[in-house]
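*Asks:* So here's work.tsv (TSV, C-alpha atoms and all ligand atoms).
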chain	number	residue	atom	x	y	z
A	219	MET	CA	-22.21	-9.50	37.27
A	220	ASN	CA	-22.86	-6.95	34.61
A	221	PRO	CA	-25.07	-8.75	32.08
A	222	GLU	CA	-23.45	-6.74	29.28
A	223	SER	CA	-20.15	-8.52	29.80
A	224	LYS	CA	-21.52	-12.04	29.32
A	225	PRO	CA	-19.84	-13.65	26.31
A	226	ALA	CA	-23.22	-15.02	25.22
A	227	ASP	CA	-24.22	-11.47	24.27
A	228	ILE	CA	-21.55	-11.49	21.60
A	229	VAL	CA	-22.16	-13.17	18.26
A	230	GLU	CA	-18.95	-14.91	17.16
A	231	SER	CA	-18.47	-14.68	13.44
A	232	PRO	CA	-17.69	-18.27	12.42
A	233	ARG	CA	-13.93	-18.85	12.21
A	234	GLN	CA	-12.95	-20.24	8.80
A	235	GLU	CA	-9.99	-22.50	8.04
A	236	PRO	CA	-7.39	-21.16	7.71
A	237	ARG	CA	-8.18	-18.10	9.81
A	238	LEU	CA	-6.03	-15.98	7.47
A	239	PRO	CA	-7.47	-16.19	3.93
A	240	PRO	CA	-5.06	-16.89	1.04
A	241	GLY	CA	-2.93	-13.94	-0.08
A	242	GLN	CA	-3.64	-11.87	3.07
A	243	VAL	CA	-1.18	-10.39	5.61
A	244	LYS	CA	-2.20	-9.83	9.24
A	245	THR	CA	-1.90	-6.27	10.55
A	246	ASP	CA	-2.64	-4.71	13.92
A	247	LYS	CA	-3.32	-1.30	12.40
A	248	TRP	CA	-6.65	-0.27	10.98
A	249	PRO	CA	-6.08	1.44	7.62
A	250	VAL	CA	-8.63	3.91	6.25
A	251	LEU	CA	-9.78	3.26	2.69
A	252	HIS	CA	-12.57	4.73	0.60
A	253	TYR	CA	-13.32	6.57	-2.60
A	254	GLY	CA	-13.92	10.31	-2.27
A	255	SER	CA	-14.09	12.35	0.91
A	256	VAL	CA	-15.37	11.74	4.44
A	257	PRO	CA	-18.95	13.08	4.41
A	258	ALA	CA	-20.03	15.70	6.93
A	259	VAL	CA	-23.00	14.13	8.73
A	260	ASP	CA	-25.42	15.92	11.04
A	261	LEU	CA	-27.25	13.54	13.40
A	262	LYS	CA	-30.17	15.99	13.49
A	263	THR	CA	-30.91	15.37	9.81
A	264	TRP	CA	-29.50	11.83	9.52
A	265	ASP	CA	-31.92	8.99	8.82
A	266	LEU	CA	-31.85	5.36	7.73
A	267	THR	CA	-34.33	4.11	5.13
A	268	VAL	CA	-35.36	0.46	4.78
A	269	ASP	CA	-37.48	-0.09	1.69
A	270	GLY	CA	-38.07	-2.05	-1.51
A	271	LEU	CA	-39.55	-5.55	-1.24
A	272	VAL	CA	-40.62	-5.33	2.41
A	273	GLU	CA	-44.00	-5.39	4.14
A	274	HIS	CA	-43.13	-2.36	6.26
A	275	SER	CA	-40.78	0.37	5.06
A	276	PHE	CA	-38.96	2.43	7.67
A	277	LYS	CA	-37.22	5.75	7.92
A	278	TRP	CA	-35.58	5.92	11.33
A	279	ASN	CA	-33.97	9.05	12.66
A	280	TRP	CA	-30.91	8.67	14.91
A	281	GLU	CA	-32.93	8.66	18.13
A	282	GLU	CA	-35.29	5.99	16.82
A	283	PHE	CA	-32.43	3.89	15.49
A	284	GLN	CA	-30.79	3.93	18.93
A	285	LYS	CA	-33.90	2.30	20.41
A	286	LEU	CA	-33.67	-0.82	18.25
A	287	PRO	CA	-32.39	-4.03	19.88
A	288	ARG	CA	-28.59	-3.98	20.22
A	289	ARG	CA	-26.08	-6.73	19.40
A	290	LYS	CA	-22.32	-7.21	19.46
A	291	VAL	CA	-20.31	-9.12	16.87
A	292	HIS	CA	-16.71	-10.34	17.19
A	293	SER	CA	-15.08	-10.73	13.78
A	294	ASP	CA	-12.00	-10.40	11.59
A	295	ILE	CA	-11.59	-7.85	8.76
A	296	HIS	CA	-10.21	-8.91	5.37
A	297	CYS	CA	-9.48	-6.11	2.92
A	298	VAL	CA	-8.97	-6.85	-0.76
A	299	THR	CA	-5.75	-4.78	-0.60
A	300	ARG	CA	-4.38	-7.79	1.37
A	301	TRP	CA	-4.47	-6.71	5.00
A	302	SER	CA	-6.47	-8.57	7.61
A	303	ARG	CA	-7.23	-7.31	11.11
A	304	TYR	CA	-8.28	-9.85	13.74
A	305	ASP	CA	-10.54	-9.51	16.76
A	306	ASN	CA	-12.77	-6.55	16.07
A	307	LEU	CA	-15.69	-6.02	18.43
A	308	TRP	CA	-18.58	-4.32	16.71
A	309	ASP	CA	-21.63	-2.92	18.43
A	310	GLY	CA	-24.88	-2.01	16.75
A	311	VAL	CA	-28.11	-3.40	15.29
A	312	ALA	CA	-28.27	-6.82	13.66
A	313	ILE	CA	-29.50	-6.94	10.09
A	314	ARG	CA	-31.59	-9.95	11.07
A	315	ASP	CA	-33.50	-7.81	13.53
A	316	VAL	CA	-34.01	-5.11	10.89
A	317	MET	CA	-35.24	-7.75	8.43
A	318	ALA	CA	-37.67	-9.18	10.98
A	319	LEU	CA	-39.13	-5.74	11.67
A	320	ALA	CA	-39.43	-4.91	7.98
A	321	GLY	CA	-40.86	-8.28	6.94
A	322	VAL	CA	-38.79	-9.01	3.85
A	323	ARG	CA	-41.00	-10.31	1.04
A	324	SER	CA	-40.34	-13.71	-0.51
A	325	GLU	CA	-39.48	-12.18	-3.92
A	326	ALA	CA	-36.49	-10.33	-2.45
A	327	ARG	CA	-33.15	-11.89	-3.47
A	328	PHE	CA	-30.66	-9.03	-3.11
A	329	VAL	CA	-29.96	-6.04	-0.94
A	330	ILE	CA	-28.58	-2.81	-2.36
A	331	ILE	CA	-26.81	-0.82	0.34
A	332	HIS	CA	-26.80	2.94	-0.27
A	333	ALA	CA	-24.38	5.25	1.52
A	334	GLU	CA	-23.68	8.98	1.55
A	335	GLN	CA	-22.54	10.59	-1.71
A	336	GLY	CA	-24.14	7.96	-3.96
A	337	PHE	CA	-21.90	5.03	-2.94
A	338	THR	CA	-23.60	1.64	-3.22
A	339	THR	CA	-22.68	-1.99	-2.72
A	340	ASN	CA	-24.73	-5.15	-3.19
A	341	LEU	CA	-25.20	-8.48	-1.46
A	342	PRO	CA	-27.35	-11.55	-1.98
A	343	LEU	CA	-30.11	-11.65	0.64
A	344	SER	CA	-28.73	-14.99	1.89
A	345	GLU	CA	-25.43	-13.29	2.83
A	346	MET	CA	-27.08	-10.23	4.29
A	347	ALA	CA	-29.25	-12.47	6.50
A	348	GLN	CA	-26.29	-14.07	8.33
A	349	ASP	CA	-26.36	-13.42	12.06
A	350	ASP	CA	-22.91	-11.79	12.10
A	351	VAL	CA	-23.98	-8.98	9.74
A	352	LEU	CA	-24.39	-5.77	11.69
A	353	LEU	CA	-25.17	-2.08	11.28
A	354	ALA	CA	-22.39	-0.88	13.57
A	355	ASP	CA	-21.97	2.44	15.33
A	356	LYS	CA	-19.16	1.31	17.67
A	357	HIS	CA	-15.83	-0.48	17.25
A	358	ASP	CA	-13.94	-1.93	20.23
A	359	GLY	CA	-16.25	-0.04	22.57
A	360	GLU	CA	-15.75	3.41	21.04
A	361	ALA	CA	-18.00	5.37	18.67
A	362	LEU	CA	-16.81	4.96	15.09
A	363	THR	CA	-14.60	7.78	13.87
A	364	PRO	CA	-15.84	9.71	10.82
A	365	ASP	CA	-13.17	8.17	8.56
A	366	HIS	CA	-14.28	4.64	9.56
A	367	GLY	CA	-17.95	5.35	8.81
A	368	TRP	CA	-19.49	7.33	11.67
A	369	PRO	CA	-22.32	7.45	12.41
A	370	LEU	CA	-23.21	4.06	10.92
A	371	ARG	CA	-21.55	1.43	8.76
A	372	LEU	CA	-22.38	-2.04	7.61
A	373	VAL	CA	-20.16	-4.93	8.75
A	374	VAL	CA	-20.18	-8.12	6.65
A	375	PRO	CA	-17.43	-10.26	8.22
A	376	ARG	CA	-17.44	-13.08	5.65
A	377	ARG	CA	-16.81	-10.83	2.64
A	378	TYR	CA	-13.96	-8.55	1.64
A	379	PHE	CA	-14.30	-5.28	3.50
A	380	TRP	CA	-15.47	-3.18	0.55
A	381	LYS	CA	-18.92	-4.81	1.06
A	382	SER	CA	-18.95	-3.18	4.51
A	383	ALA	CA	-20.28	0.19	3.38
A	384	LYS	CA	-19.42	3.17	5.54
A	385	TRP	CA	-21.91	6.04	6.12
A	386	VAL	CA	-24.95	3.85	5.35
A	387	ARG	CA	-28.28	5.58	4.70
A	388	ARG	CA	-30.54	3.09	2.96
A	389	LEU	CA	-31.12	-0.66	2.63
A	390	GLU	CA	-33.08	-1.51	-0.49
A	391	PHE	CA	-34.48	-5.04	-0.79
A	392	SER	CA	-34.80	-6.10	-4.43
A	393	ASP	CA	-35.50	-9.03	-6.74
A	394	ARG	CA	-32.63	-7.88	-8.98
A	395	ASP	CA	-28.93	-7.54	-8.33
A	396	ALA	CA	-27.34	-4.13	-8.92
A	397	PRO	CA	-23.53	-4.14	-8.83
A	398	GLY	CA	-22.29	-1.28	-6.66
A	399	PHE	CA	-19.45	1.21	-6.93
A	400	TRP	CA	-16.46	-1.12	-6.48
A	401	GLU	CA	-18.24	-3.99	-8.21
A	402	ARG	CA	-18.65	-1.81	-11.34
A	403	ASN	CA	-15.00	-0.79	-11.09
A	404	GLY	CA	-13.41	-4.21	-11.41
A	405	TYR	CA	-14.05	-5.85	-8.04
A	406	HIS	CA	-15.72	-9.24	-7.84
A	407	ASN	CA	-19.47	-9.39	-7.27
A	408	GLU	CA	-19.26	-12.07	-4.54
A	409	ALA	CA	-16.07	-11.07	-2.65
A	410	ASP	CA	-15.42	-14.28	-0.66
A	411	PRO	CA	-11.87	-13.97	0.79
A	412	TRP	CA	-11.39	-17.75	1.10
A	413	ARG	CA	-12.06	-18.12	-2.63
A	414	GLU	CA	-9.93	-15.05	-3.39
A	415	GLU	CA	-12.82	-13.42	-5.22
A	416	ARG	CA	-10.94	-10.12	-5.57
A	417	PHE	CA	-11.52	-8.97	-9.12
A	418	SER	CA	-14.05	-9.70	-11.80
A	419	ASP	CA	-13.01	-11.18	-15.12
A	420	TRP	CA	-14.64	-8.54	-17.27
B	501	LIG	N1	-19.34	4.67	1.65
B	501	LIG	C1	-18.23	3.96	1.38
B	501	LIG	N2	-18.01	2.85	2.08
B	501	LIG	C2	-16.90	2.11	1.83
B	501	LIG	C3	-15.99	2.48	0.82
B	501	LIG	C4	-16.26	3.66	0.08
B	501	LIG	O1	-15.52	4.05	-0.85
B	501	LIG	N3	-17.40	4.38	0.40
B	501	LIG	N4	-14.88	1.72	0.58
B	501	LIG	C5	-14.90	0.33	1.05
B	501	LIG	C6	-13.57	-0.23	1.05
B	501	LIG	S1	-12.85	-0.47	-0.47
B	501	LIG	C7	-12.96	-0.66	2.21
B	501	LIG	S2	-11.51	-1.55	2.16
B	501	LIG	C8	-13.53	-0.35	3.55
B	501	LIG	C9	-12.49	0.30	4.43
B	501	LIG	O2	-13.02	0.59	5.69
B	501	LIG	P1	-12.09	1.31	6.76
B	501	LIG	O3	-11.64	2.61	6.17
B	501	LIG	O4	-12.92	1.47	7.98
B	501	LIG	O5	-10.91	0.38	6.99
B	501	LIG	O6	-14.65	0.49	3.45
B	501	LIG	C10	-15.55	0.16	2.42
B	501	LIG	N5	-16.71	0.98	2.57
B	502	MO	MO	-11.05	-1.81	-0.18
Rewrite the coordinates I just gave you, this time as structure tokens.
*Replies:*
Amino acid sequence: MNPESKPADIVESPRQEPRLPPGQVKTDKWPVLHYGSVPAVDLKTWDLTVDGLVEHSFKWNWEEFQKLPRRKVHSDIHCVTRWSRYDNLWDGVAIRDVMALAGVRSEARFVIIHAEQGFTTNLPLSEMAQDDVLLADKHDGEALTPDHGWPLRLVVPRRYFWKSAKWVRRLEFSDRDAPGFWERNGYHNEADPWREERFSDW
């Protein structure tokens, strides 16, 4: 038996009750949503930086990144614009493995995720450290398409999908929170779909 097909290799994102969060509608399509344009990325110059409050900073090029331990995550997508897409299979590198390599320092409380073109989003370290959070380069067995974040996107299954930054280039571990692009433009800082944390009050 091909060891790659064993279900145990797949991390199941914990199913919440109800599976469909309040105010959401299930869709089988996968809409494309982002601010700005799809960046042109060249894998020859692409790199991923891990820095801030870590013992070991990294700057991996594409080839180096591909040598990191690989994981698969099975999860649902919940977009704040009210569509949910079930049963996505993501393939990539677990944030937990990245954190173990980097040695996150005890003062770190937040992670600022930086993407192409200055886009950022932010997460508490406790959310980032969940074992279903992945840096994904494949979806349902195929390389991501550029409009869905190729070559690399974050996937945070338990938060609205805007926290899942496309075109990721840097993970910055910090002792301070720094609301990102959508968070500064009216979206909620926490983004829990089961609490309907869609918009901020200010
Ligand atoms: N770099 C970047 N990532 C982003 C965004 C963005 O504007 N820029 N938008 C977010 C939002 S609002 C959503 S809903 C999802 C959409 O991902 P999809 O196009 O793959 O469905 O990407 C998120 N990641
Ligand atoms: Mo969104």
*Asks:* Using only C-alpha atoms, pick whichever of A:Thr299, A:Ser293, A:Thr263, A:Ser392 has the shortest atom-to-atom distance to Trp280 in chain A.
*Replies:* A:Thr263
*Asks:* Using only C-alpha atoms and all ligand atoms, which protein or nucleic acid residues are at most 12 Å from ligand MO 502 (chain B), as a VMD selection string?
*Replies:* chain A and resid 249 to 253 295 to 302 339 377 to 384 399 to 401 403 to 406 409 416 to 417
*Asks:* Hey, which of A:Ala361, A:Ala333, A:Leu343, A:Leu261 ends up closest to ligand LIG 501 (chain B)? Count all atoms listed in the file.
*Replies:* A:Ala333
*Asks:* I'd like the interatomic distance between CA of Ile330 in chain A and CA of Val272 in chain A, to a tenth of an Å.
*Replies:*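 Result for CA of Ile330 in chain A versus CA of Val272 in chain A: 13.2 Å, one decimal.
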*Asks:* Any idea what the distance is between CA of Val329 in chain A and CA of Met346 in chain A?
*Replies:*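 Between CA of Val329 in chain A and CA of Met346 in chain A the gap is 7.3 Å.
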